[in-house]
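Structure data (mmCIF, N, CA and C atoms) from model-v9.cif:
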data_input
#
loop_
_atom_site.label_atom_id
_atom_site.label_comp_id
_atom_site.auth_asym_id
_atom_site.auth_seq_id
_atom_site.Cartn_x
_atom_site.Cartn_y
_atom_site.Cartn_z
N MET A 1 107.07 -100.16 -45.94
CA MET A 1 106.20 -99.15 -45.37
C MET A 1 105.82 -99.58 -43.95
N THR A 2 105.92 -98.67 -43.01
CA THR A 2 105.60 -99.00 -41.62
C THR A 2 104.20 -98.55 -41.27
N ALA A 3 103.65 -99.20 -40.27
CA ALA A 3 102.30 -98.85 -39.81
C ALA A 3 102.36 -97.55 -39.01
N PRO A 4 101.29 -96.77 -39.03
CA PRO A 4 101.26 -95.54 -38.22
C PRO A 4 101.41 -95.87 -36.73
N ASP A 5 102.00 -94.93 -36.01
CA ASP A 5 102.25 -95.13 -34.58
C ASP A 5 100.97 -95.41 -33.79
N HIS A 6 99.86 -94.84 -34.20
CA HIS A 6 98.64 -95.00 -33.41
C HIS A 6 98.17 -96.45 -33.34
N GLU A 7 98.66 -97.30 -34.21
CA GLU A 7 98.26 -98.70 -34.17
C GLU A 7 99.05 -99.49 -33.14
N HIS A 8 100.13 -98.93 -32.60
CA HIS A 8 101.00 -99.67 -31.70
C HIS A 8 100.91 -99.23 -30.25
N HIS A 9 100.23 -98.17 -29.94
CA HIS A 9 100.14 -97.76 -28.55
C HIS A 9 98.84 -98.27 -27.94
N ASP A 10 98.84 -98.36 -26.64
CA ASP A 10 97.67 -98.84 -25.92
C ASP A 10 97.00 -97.64 -25.26
N PRO A 11 95.81 -97.25 -25.72
CA PRO A 11 95.18 -96.06 -25.16
C PRO A 11 94.86 -96.18 -23.67
N ARG A 12 94.79 -97.37 -23.16
CA ARG A 12 94.50 -97.53 -21.73
C ARG A 12 95.64 -97.02 -20.86
N THR A 13 96.85 -96.95 -21.41
CA THR A 13 97.98 -96.47 -20.62
C THR A 13 98.27 -95.00 -20.88
N GLU A 14 97.51 -94.38 -21.78
CA GLU A 14 97.68 -92.96 -22.05
C GLU A 14 97.12 -92.15 -20.89
N PRO A 15 97.76 -91.02 -20.58
CA PRO A 15 97.22 -90.19 -19.50
C PRO A 15 95.83 -89.69 -19.87
N ALA A 16 95.03 -89.49 -18.86
CA ALA A 16 93.73 -88.88 -19.06
C ALA A 16 93.95 -87.41 -19.42
N PRO A 17 92.96 -86.75 -20.01
CA PRO A 17 93.15 -85.34 -20.36
C PRO A 17 93.52 -84.52 -19.13
N GLY A 18 94.41 -83.56 -19.30
CA GLY A 18 94.83 -82.70 -18.21
C GLY A 18 96.20 -83.10 -17.70
N ALA A 19 96.88 -82.15 -17.13
CA ALA A 19 98.24 -82.39 -16.65
C ALA A 19 98.22 -83.17 -15.34
N ASP A 20 99.19 -84.05 -15.21
CA ASP A 20 99.41 -84.76 -13.96
C ASP A 20 98.19 -85.55 -13.50
N GLU A 21 97.50 -86.22 -14.43
CA GLU A 21 96.36 -87.04 -14.06
C GLU A 21 96.66 -88.51 -14.32
N LEU A 22 95.83 -89.36 -13.76
CA LEU A 22 95.99 -90.80 -13.94
C LEU A 22 95.66 -91.22 -15.36
N SER A 23 96.25 -92.33 -15.78
CA SER A 23 95.93 -92.89 -17.08
C SER A 23 94.53 -93.52 -17.03
N VAL A 24 94.01 -93.79 -18.19
CA VAL A 24 92.71 -94.45 -18.28
C VAL A 24 92.77 -95.81 -17.59
N ARG A 25 93.87 -96.55 -17.79
CA ARG A 25 94.02 -97.85 -17.15
C ARG A 25 94.04 -97.71 -15.64
N ASP A 26 94.77 -96.73 -15.12
CA ASP A 26 94.83 -96.55 -13.66
C ASP A 26 93.45 -96.23 -13.09
N ARG A 27 92.70 -95.42 -13.79
CA ARG A 27 91.33 -95.11 -13.34
C ARG A 27 90.46 -96.37 -13.36
N ALA A 28 90.67 -97.22 -14.37
CA ALA A 28 89.90 -98.47 -14.46
C ALA A 28 90.26 -99.41 -13.31
N LEU A 29 91.54 -99.44 -12.92
CA LEU A 29 91.95 -100.26 -11.78
C LEU A 29 91.22 -99.81 -10.52
N LEU A 30 91.21 -98.52 -10.27
CA LEU A 30 90.54 -98.01 -9.08
C LEU A 30 89.03 -98.27 -9.13
N ALA A 31 88.44 -98.10 -10.30
CA ALA A 31 87.00 -98.33 -10.45
C ALA A 31 86.65 -99.79 -10.16
N LEU A 32 87.48 -100.71 -10.65
CA LEU A 32 87.22 -102.13 -10.41
C LEU A 32 87.39 -102.44 -8.92
N GLU A 33 88.35 -101.81 -8.30
CA GLU A 33 88.62 -102.07 -6.88
C GLU A 33 87.51 -101.52 -5.98
N ARG A 34 86.78 -100.52 -6.44
CA ARG A 34 85.67 -99.95 -5.65
C ARG A 34 84.46 -100.87 -5.59
N ARG A 35 84.34 -101.76 -6.56
CA ARG A 35 83.15 -102.61 -6.64
C ARG A 35 83.17 -103.71 -5.58
N SER A 36 81.98 -104.21 -5.27
CA SER A 36 81.89 -105.38 -4.39
C SER A 36 81.68 -106.61 -5.26
N TRP A 37 82.04 -107.77 -4.73
CA TRP A 37 82.06 -108.99 -5.53
C TRP A 37 81.18 -110.06 -4.91
N ALA A 38 80.36 -110.68 -5.76
CA ALA A 38 79.36 -111.64 -5.32
C ALA A 38 79.95 -112.93 -4.77
N GLY A 39 80.93 -113.46 -5.41
CA GLY A 39 81.44 -114.75 -4.98
C GLY A 39 82.86 -114.97 -5.41
N PRO A 40 83.41 -116.12 -5.04
CA PRO A 40 84.80 -116.42 -5.40
C PRO A 40 84.98 -116.47 -6.91
N GLY A 41 86.03 -115.84 -7.37
CA GLY A 41 86.34 -115.87 -8.79
C GLY A 41 85.72 -114.75 -9.60
N ALA A 42 84.73 -114.06 -9.05
CA ALA A 42 84.05 -113.02 -9.82
C ALA A 42 85.00 -111.85 -10.13
N LYS A 43 85.78 -111.44 -9.14
CA LYS A 43 86.70 -110.33 -9.36
C LYS A 43 87.78 -110.71 -10.36
N GLU A 44 88.35 -111.90 -10.21
CA GLU A 44 89.39 -112.35 -11.13
C GLU A 44 88.87 -112.44 -12.57
N ARG A 45 87.64 -112.90 -12.71
CA ARG A 45 87.02 -112.97 -14.04
C ARG A 45 86.86 -111.57 -14.63
N ALA A 46 86.41 -110.62 -13.80
CA ALA A 46 86.24 -109.24 -14.27
C ALA A 46 87.58 -108.62 -14.66
N ILE A 47 88.62 -108.92 -13.91
CA ILE A 47 89.96 -108.41 -14.22
C ILE A 47 90.37 -108.86 -15.62
N ARG A 48 90.20 -110.15 -15.89
CA ARG A 48 90.58 -110.70 -17.19
C ARG A 48 89.71 -110.14 -18.32
N GLU A 49 88.40 -110.11 -18.10
CA GLU A 49 87.47 -109.71 -19.16
C GLU A 49 87.47 -108.20 -19.40
N GLU A 50 87.48 -107.41 -18.35
CA GLU A 50 87.35 -105.96 -18.51
C GLU A 50 88.68 -105.25 -18.74
N LEU A 51 89.73 -105.74 -18.11
CA LEU A 51 91.02 -105.07 -18.23
C LEU A 51 91.98 -105.80 -19.17
N GLY A 52 91.70 -107.07 -19.44
CA GLY A 52 92.54 -107.83 -20.36
C GLY A 52 93.92 -108.16 -19.80
N ILE A 53 94.01 -108.26 -18.48
CA ILE A 53 95.29 -108.62 -17.85
C ILE A 53 95.04 -109.73 -16.85
N SER A 54 96.12 -110.36 -16.40
CA SER A 54 95.98 -111.42 -15.41
C SER A 54 95.77 -110.81 -14.03
N PRO A 55 95.15 -111.54 -13.12
CA PRO A 55 95.00 -111.04 -11.75
C PRO A 55 96.34 -110.71 -11.10
N VAL A 56 97.38 -111.49 -11.37
CA VAL A 56 98.69 -111.19 -10.79
C VAL A 56 99.17 -109.82 -11.25
N ARG A 57 99.06 -109.55 -12.55
CA ARG A 57 99.48 -108.25 -13.07
C ARG A 57 98.61 -107.13 -12.50
N TYR A 58 97.32 -107.38 -12.35
CA TYR A 58 96.41 -106.40 -11.77
C TYR A 58 96.88 -105.99 -10.38
N TYR A 59 97.20 -106.95 -9.55
CA TYR A 59 97.62 -106.63 -8.19
C TYR A 59 99.00 -105.96 -8.16
N GLN A 60 99.87 -106.29 -9.10
CA GLN A 60 101.15 -105.58 -9.20
C GLN A 60 100.92 -104.11 -9.53
N LEU A 61 100.08 -103.86 -10.53
CA LEU A 61 99.79 -102.49 -10.93
C LEU A 61 99.07 -101.73 -9.81
N LEU A 62 98.12 -102.39 -9.17
CA LEU A 62 97.35 -101.76 -8.10
C LEU A 62 98.25 -101.40 -6.93
N ASN A 63 99.16 -102.29 -6.57
CA ASN A 63 100.06 -102.03 -5.45
C ASN A 63 100.93 -100.81 -5.73
N ALA A 64 101.41 -100.68 -6.95
CA ALA A 64 102.20 -99.49 -7.31
C ALA A 64 101.32 -98.24 -7.34
N LEU A 65 100.11 -98.40 -7.82
CA LEU A 65 99.19 -97.27 -7.97
C LEU A 65 98.82 -96.65 -6.63
N ILE A 66 98.66 -97.45 -5.60
CA ILE A 66 98.22 -96.88 -4.32
C ILE A 66 99.32 -96.05 -3.65
N ASP A 67 100.53 -96.12 -4.17
CA ASP A 67 101.60 -95.24 -3.69
C ASP A 67 101.69 -93.95 -4.49
N ASP A 68 100.88 -93.83 -5.51
CA ASP A 68 100.89 -92.65 -6.39
C ASP A 68 99.97 -91.58 -5.81
N GLU A 69 100.51 -90.41 -5.59
CA GLU A 69 99.71 -89.32 -5.01
C GLU A 69 98.55 -88.91 -5.91
N ARG A 70 98.70 -89.11 -7.22
CA ARG A 70 97.59 -88.80 -8.13
C ARG A 70 96.40 -89.72 -7.84
N ALA A 71 96.68 -90.97 -7.53
CA ALA A 71 95.61 -91.91 -7.19
C ALA A 71 94.92 -91.49 -5.89
N LEU A 72 95.72 -91.04 -4.94
CA LEU A 72 95.15 -90.57 -3.67
C LEU A 72 94.23 -89.38 -3.90
N ARG A 73 94.62 -88.47 -4.76
CA ARG A 73 93.76 -87.32 -5.08
C ARG A 73 92.50 -87.75 -5.82
N GLU A 74 92.64 -88.75 -6.69
CA GLU A 74 91.52 -89.22 -7.51
C GLU A 74 90.46 -89.96 -6.68
N ASP A 75 90.92 -90.81 -5.77
CA ASP A 75 89.99 -91.66 -5.01
C ASP A 75 90.56 -91.93 -3.62
N PRO A 76 90.52 -90.93 -2.73
CA PRO A 76 91.16 -91.09 -1.42
C PRO A 76 90.57 -92.21 -0.57
N VAL A 77 89.29 -92.45 -0.67
CA VAL A 77 88.66 -93.50 0.14
C VAL A 77 89.22 -94.87 -0.24
N THR A 78 89.22 -95.18 -1.53
CA THR A 78 89.71 -96.48 -1.99
C THR A 78 91.21 -96.63 -1.73
N VAL A 79 91.98 -95.61 -2.05
CA VAL A 79 93.44 -95.69 -1.88
C VAL A 79 93.79 -95.85 -0.41
N ASN A 80 93.17 -95.07 0.46
CA ASN A 80 93.48 -95.20 1.89
C ASN A 80 93.07 -96.57 2.44
N ARG A 81 91.94 -97.10 1.96
CA ARG A 81 91.52 -98.45 2.39
C ARG A 81 92.55 -99.49 1.96
N LEU A 82 93.00 -99.40 0.71
CA LEU A 82 93.99 -100.35 0.21
C LEU A 82 95.32 -100.22 0.94
N ARG A 83 95.70 -99.01 1.27
CA ARG A 83 96.95 -98.81 2.03
C ARG A 83 96.83 -99.43 3.41
N ARG A 84 95.68 -99.26 4.06
CA ARG A 84 95.48 -99.85 5.40
C ARG A 84 95.55 -101.38 5.34
N VAL A 85 94.91 -101.96 4.34
CA VAL A 85 94.93 -103.42 4.18
C VAL A 85 96.36 -103.90 3.94
N ARG A 86 97.08 -103.23 3.07
CA ARG A 86 98.46 -103.61 2.78
C ARG A 86 99.33 -103.48 4.03
N ASP A 87 99.18 -102.38 4.75
CA ASP A 87 99.98 -102.17 5.96
C ASP A 87 99.67 -103.22 7.03
N ALA A 88 98.40 -103.61 7.15
CA ALA A 88 98.02 -104.64 8.12
C ALA A 88 98.65 -105.99 7.75
N LYS A 89 98.67 -106.30 6.46
CA LYS A 89 99.29 -107.56 6.02
C LYS A 89 100.78 -107.54 6.28
N ARG A 90 101.42 -106.41 6.05
CA ARG A 90 102.86 -106.29 6.31
C ARG A 90 103.15 -106.44 7.79
N GLY A 91 102.27 -105.93 8.63
CA GLY A 91 102.46 -106.02 10.08
C GLY A 91 102.37 -107.43 10.60
N ARG A 92 101.62 -108.28 9.89
CA ARG A 92 101.48 -109.69 10.32
C ARG A 92 102.65 -110.55 9.88
N ARG A 93 103.47 -110.05 9.00
CA ARG A 93 104.59 -110.86 8.47
C ARG A 93 105.79 -110.79 9.37
#

Spell out the structure here as structure tokens.
Amino acid sequence: MTAPDHEHHDPRTEPAPGADELSVRDRALLALERRSWAGPGAKERAIREELGISPVRYYQLLNALIDDERALREDPVTVNRLRRVRDAKRGRR
């Protein structure tokens, strides 16, 4: 006997209600990125505790997310800020 499918999917990666919207996880990434951080290590700790992923994976997902037009519609201020930071870093290389 096999377990029901609902036990094997991760609801954080499911799309939010409505067509063409960000997943719950993608919204959580943007929400975490909007916050300010008190000191060194605080953001990395929050990434691990709140999202359950490593900081490296977080930044991989975030980098892909800021190229998603749905993310731009959801949070243009944060996405545009992250794009500017990324573009500035690329320009220095």

Original post:
Interatomic distance between atom CA of A:Ser54 and atom N of A:Leu30?
Top reply: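 Pair atom CA of A:Ser54 / atom N of A:Leu30 returns 14.7 Å.
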
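One distance worth recording is that between atom CA of A:Gly52 and atom CA of A:Pro40, which is 18.9 Å.
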
Subject >> Selected residue of minimal separation from A:Val24 among A:Ala42, A:Ala64, A:Leu72, A:Leu51, counting only C-alpha atoms >> reply: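 Of the candidates, the smallest distance to A:Val24 is held by A:Leu51.
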
Subject >> Atomic separation - atom N of A:Val79 relative to atom CA of A:Asp67, Å >> reply: 9.8 Å

**OP:** Please determine the residues with any atom at most 9 Å from (92.1, -102.6, -11.7) (coordinates as given in the file, with only C-alpha atoms counting) and report them as a ChimeraX atom specification.
**Re:** /A:25-33,47,50-51,55,58-59,61-62

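Of the listed residues A:Val56, A:Ile66, A:Ala38, A:Ala46, the one whose atoms come nearest to A:Asp87 is A:Ile66, with distances taken using only C-alpha atoms.
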
Original post:
Looking only at the backbone, which of the residues in stretch 7-90 of chain A does DSSP tag as alpha helix (DSSP H), as number ranges by chain?
Top reply: A: 24-34, 42-46, 55-65, 69-74, 76-90

Residues from last step as file, N, CA and C atoms, as a compact mmCIF listing (two decimals), keeping the file's coordinate frame:
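Just written: result.txt:
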# COMPACT_ATOMS: atom_id res chain seq x y z
N VAL A 24 94.01 -93.79 -18.19
CA VAL A 24 92.71 -94.45 -18.28
C VAL A 24 92.77 -95.81 -17.59
N ARG A 25 93.87 -96.55 -17.79
CA ARG A 25 94.02 -97.85 -17.15
C ARG A 25 94.04 -97.71 -15.64
N ASP A 26 94.77 -96.73 -15.12
CA ASP A 26 94.83 -96.55 -13.66
C ASP A 26 93.45 -96.23 -13.09
N ARG A 27 92.70 -95.42 -13.79
CA ARG A 27 91.33 -95.11 -13.34
C ARG A 27 90.46 -96.37 -13.36
N ALA A 28 90.67 -97.22 -14.37
CA ALA A 28 89.90 -98.47 -14.46
C ALA A 28 90.26 -99.41 -13.31
N LEU A 29 91.54 -99.44 -12.92
CA LEU A 29 91.95 -100.26 -11.78
C LEU A 29 91.22 -99.81 -10.52
N LEU A 30 91.21 -98.52 -10.27
CA LEU A 30 90.54 -98.01 -9.08
C LEU A 30 89.03 -98.27 -9.13
N ALA A 31 88.44 -98.10 -10.30
CA ALA A 31 87.00 -98.33 -10.45
C ALA A 31 86.65 -99.79 -10.16
N LEU A 32 87.48 -100.71 -10.65
CA LEU A 32 87.22 -102.13 -10.41
C LEU A 32 87.39 -102.44 -8.92
N GLU A 33 88.35 -101.81 -8.30
CA GLU A 33 88.62 -102.07 -6.88
C GLU A 33 87.51 -101.52 -5.98
N ARG A 34 86.78 -100.52 -6.44
CA ARG A 34 85.67 -99.95 -5.65
C ARG A 34 84.46 -100.87 -5.59
N ALA A 42 84.73 -114.06 -9.05
CA ALA A 42 84.05 -113.02 -9.82
C ALA A 42 85.00 -111.85 -10.13
N LYS A 43 85.78 -111.44 -9.14
CA LYS A 43 86.70 -110.33 -9.36
C LYS A 43 87.78 -110.71 -10.36
N GLU A 44 88.35 -111.90 -10.21
CA GLU A 44 89.39 -112.35 -11.13
C GLU A 44 88.87 -112.44 -12.57
N ARG A 45 87.64 -112.90 -12.71
CA ARG A 45 87.02 -112.97 -14.04
C ARG A 45 86.86 -111.57 -14.63
N ALA A 46 86.41 -110.62 -13.80
CA ALA A 46 86.24 -109.24 -14.27
C ALA A 46 87.58 -108.62 -14.66
N PRO A 55 95.15 -111.54 -13.12
CA PRO A 55 95.00 -111.04 -11.75
C PRO A 55 96.34 -110.71 -11.10
N VAL A 56 97.38 -111.49 -11.37
CA VAL A 56 98.69 -111.19 -10.79
C VAL A 56 99.17 -109.82 -11.25
N ARG A 57 99.06 -109.55 -12.55
CA ARG A 57 99.48 -108.25 -13.07
C ARG A 57 98.61 -107.13 -12.50
N TYR A 58 97.32 -107.38 -12.35
CA TYR A 58 96.41 -106.40 -11.77
C TYR A 58 96.88 -105.99 -10.38
N TYR A 59 97.20 -106.95 -9.55
CA TYR A 59 97.62 -106.63 -8.19
C TYR A 59 99.00 -105.96 -8.16
N GLN A 60 99.87 -106.29 -9.10
CA GLN A 60 101.15 -105.58 -9.20
C GLN A 60 100.92 -104.11 -9.53
N LEU A 61 100.08 -103.86 -10.53
CA LEU A 61 99.79 -102.49 -10.93
C LEU A 61 99.07 -101.73 -9.81
N LEU A 62 98.12 -102.39 -9.17
CA LEU A 62 97.35 -101.76 -8.10
C LEU A 62 98.25 -101.40 -6.93
N ASN A 63 99.16 -102.29 -6.57
CA ASN A 63 100.06 -102.03 -5.45
C ASN A 63 100.93 -100.81 -5.73
N ALA A 64 101.41 -100.68 -6.95
CA ALA A 64 102.20 -99.49 -7.31
C ALA A 64 101.32 -98.24 -7.34
N LEU A 65 100.11 -98.40 -7.82
CA LEU A 65 99.19 -97.27 -7.97
C LEU A 65 98.82 -96.65 -6.63
N GLU A 69 100.51 -90.41 -5.59
CA GLU A 69 99.71 -89.32 -5.01
C GLU A 69 98.55 -88.91 -5.91
N ARG A 70 98.70 -89.11 -7.22
CA ARG A 70 97.59 -88.80 -8.13
C ARG A 70 96.40 -89.72 -7.84
N ALA A 71 96.68 -90.97 -7.53
CA ALA A 71 95.61 -91.91 -7.19
C ALA A 71 94.92 -91.49 -5.89
N LEU A 72 95.72 -91.04 -4.94
CA LEU A 72 95.15 -90.57 -3.67
C LEU A 72 94.23 -89.38 -3.90
N ARG A 73 94.62 -88.47 -4.76
CA ARG A 73 93.76 -87.32 -5.08
C ARG A 73 92.50 -87.75 -5.82
N GLU A 74 92.64 -88.75 -6.69
CA GLU A 74 91.52 -89.22 -7.51
C GLU A 74 90.46 -89.96 -6.68
N PRO A 76 90.52 -90.93 -2.73
CA PRO A 76 91.16 -91.09 -1.42
C PRO A 76 90.57 -92.21 -0.57
N VAL A 77 89.29 -92.45 -0.67
CA VAL A 77 88.66 -93.50 0.14
C VAL A 77 89.22 -94.87 -0.24
N THR A 78 89.22 -95.18 -1.53
CA THR A 78 89.71 -96.48 -1.99
C THR A 78 91.21 -96.63 -1.73
N VAL A 79 91.98 -95.61 -2.05
CA VAL A 79 93.44 -95.69 -1.88
C VAL A 79 93.79 -95.85 -0.41
N ASN A 80 93.17 -95.07 0.46
CA ASN A 80 93.48 -95.20 1.89
C ASN A 80 93.07 -96.57 2.44
N ARG A 81 91.94 -97.10 1.96
CA ARG A 81 91.52 -98.45 2.39
C ARG A 81 92.55 -99.49 1.96
N LEU A 82 93.00 -99.40 0.71
CA LEU A 82 93.99 -100.35 0.21
C LEU A 82 95.32 -100.22 0.94
N ARG A 83 95.70 -99.01 1.27
CA ARG A 83 96.95 -98.81 2.03
C ARG A 83 96.83 -99.43 3.41
N ARG A 84 95.68 -99.26 4.06
CA ARG A 84 95.48 -99.85 5.40
C ARG A 84 95.55 -101.38 5.34
N VAL A 85 94.91 -101.96 4.34
CA VAL A 85 94.93 -103.42 4.18
C VAL A 85 96.36 -103.90 3.94
N ARG A 86 97.08 -103.23 3.07
CA ARG A 86 98.46 -103.61 2.78
C ARG A 86 99.33 -103.48 4.03
N ASP A 87 99.18 -102.38 4.75
CA ASP A 87 99.98 -102.17 5.96
C ASP A 87 99.67 -103.22 7.03
N ALA A 88 98.40 -103.61 7.15
CA ALA A 88 98.02 -104.64 8.12
C ALA A 88 98.65 -105.99 7.75
N LYS A 89 98.67 -106.30 6.46
CA LYS A 89 99.29 -107.56 6.02
C LYS A 89 100.78 -107.54 6.28
N ARG A 90 101.42 -106.41 6.05
CA ARG A 90 102.86 -106.29 6.31
C ARG A 90 103.15 -106.44 7.79
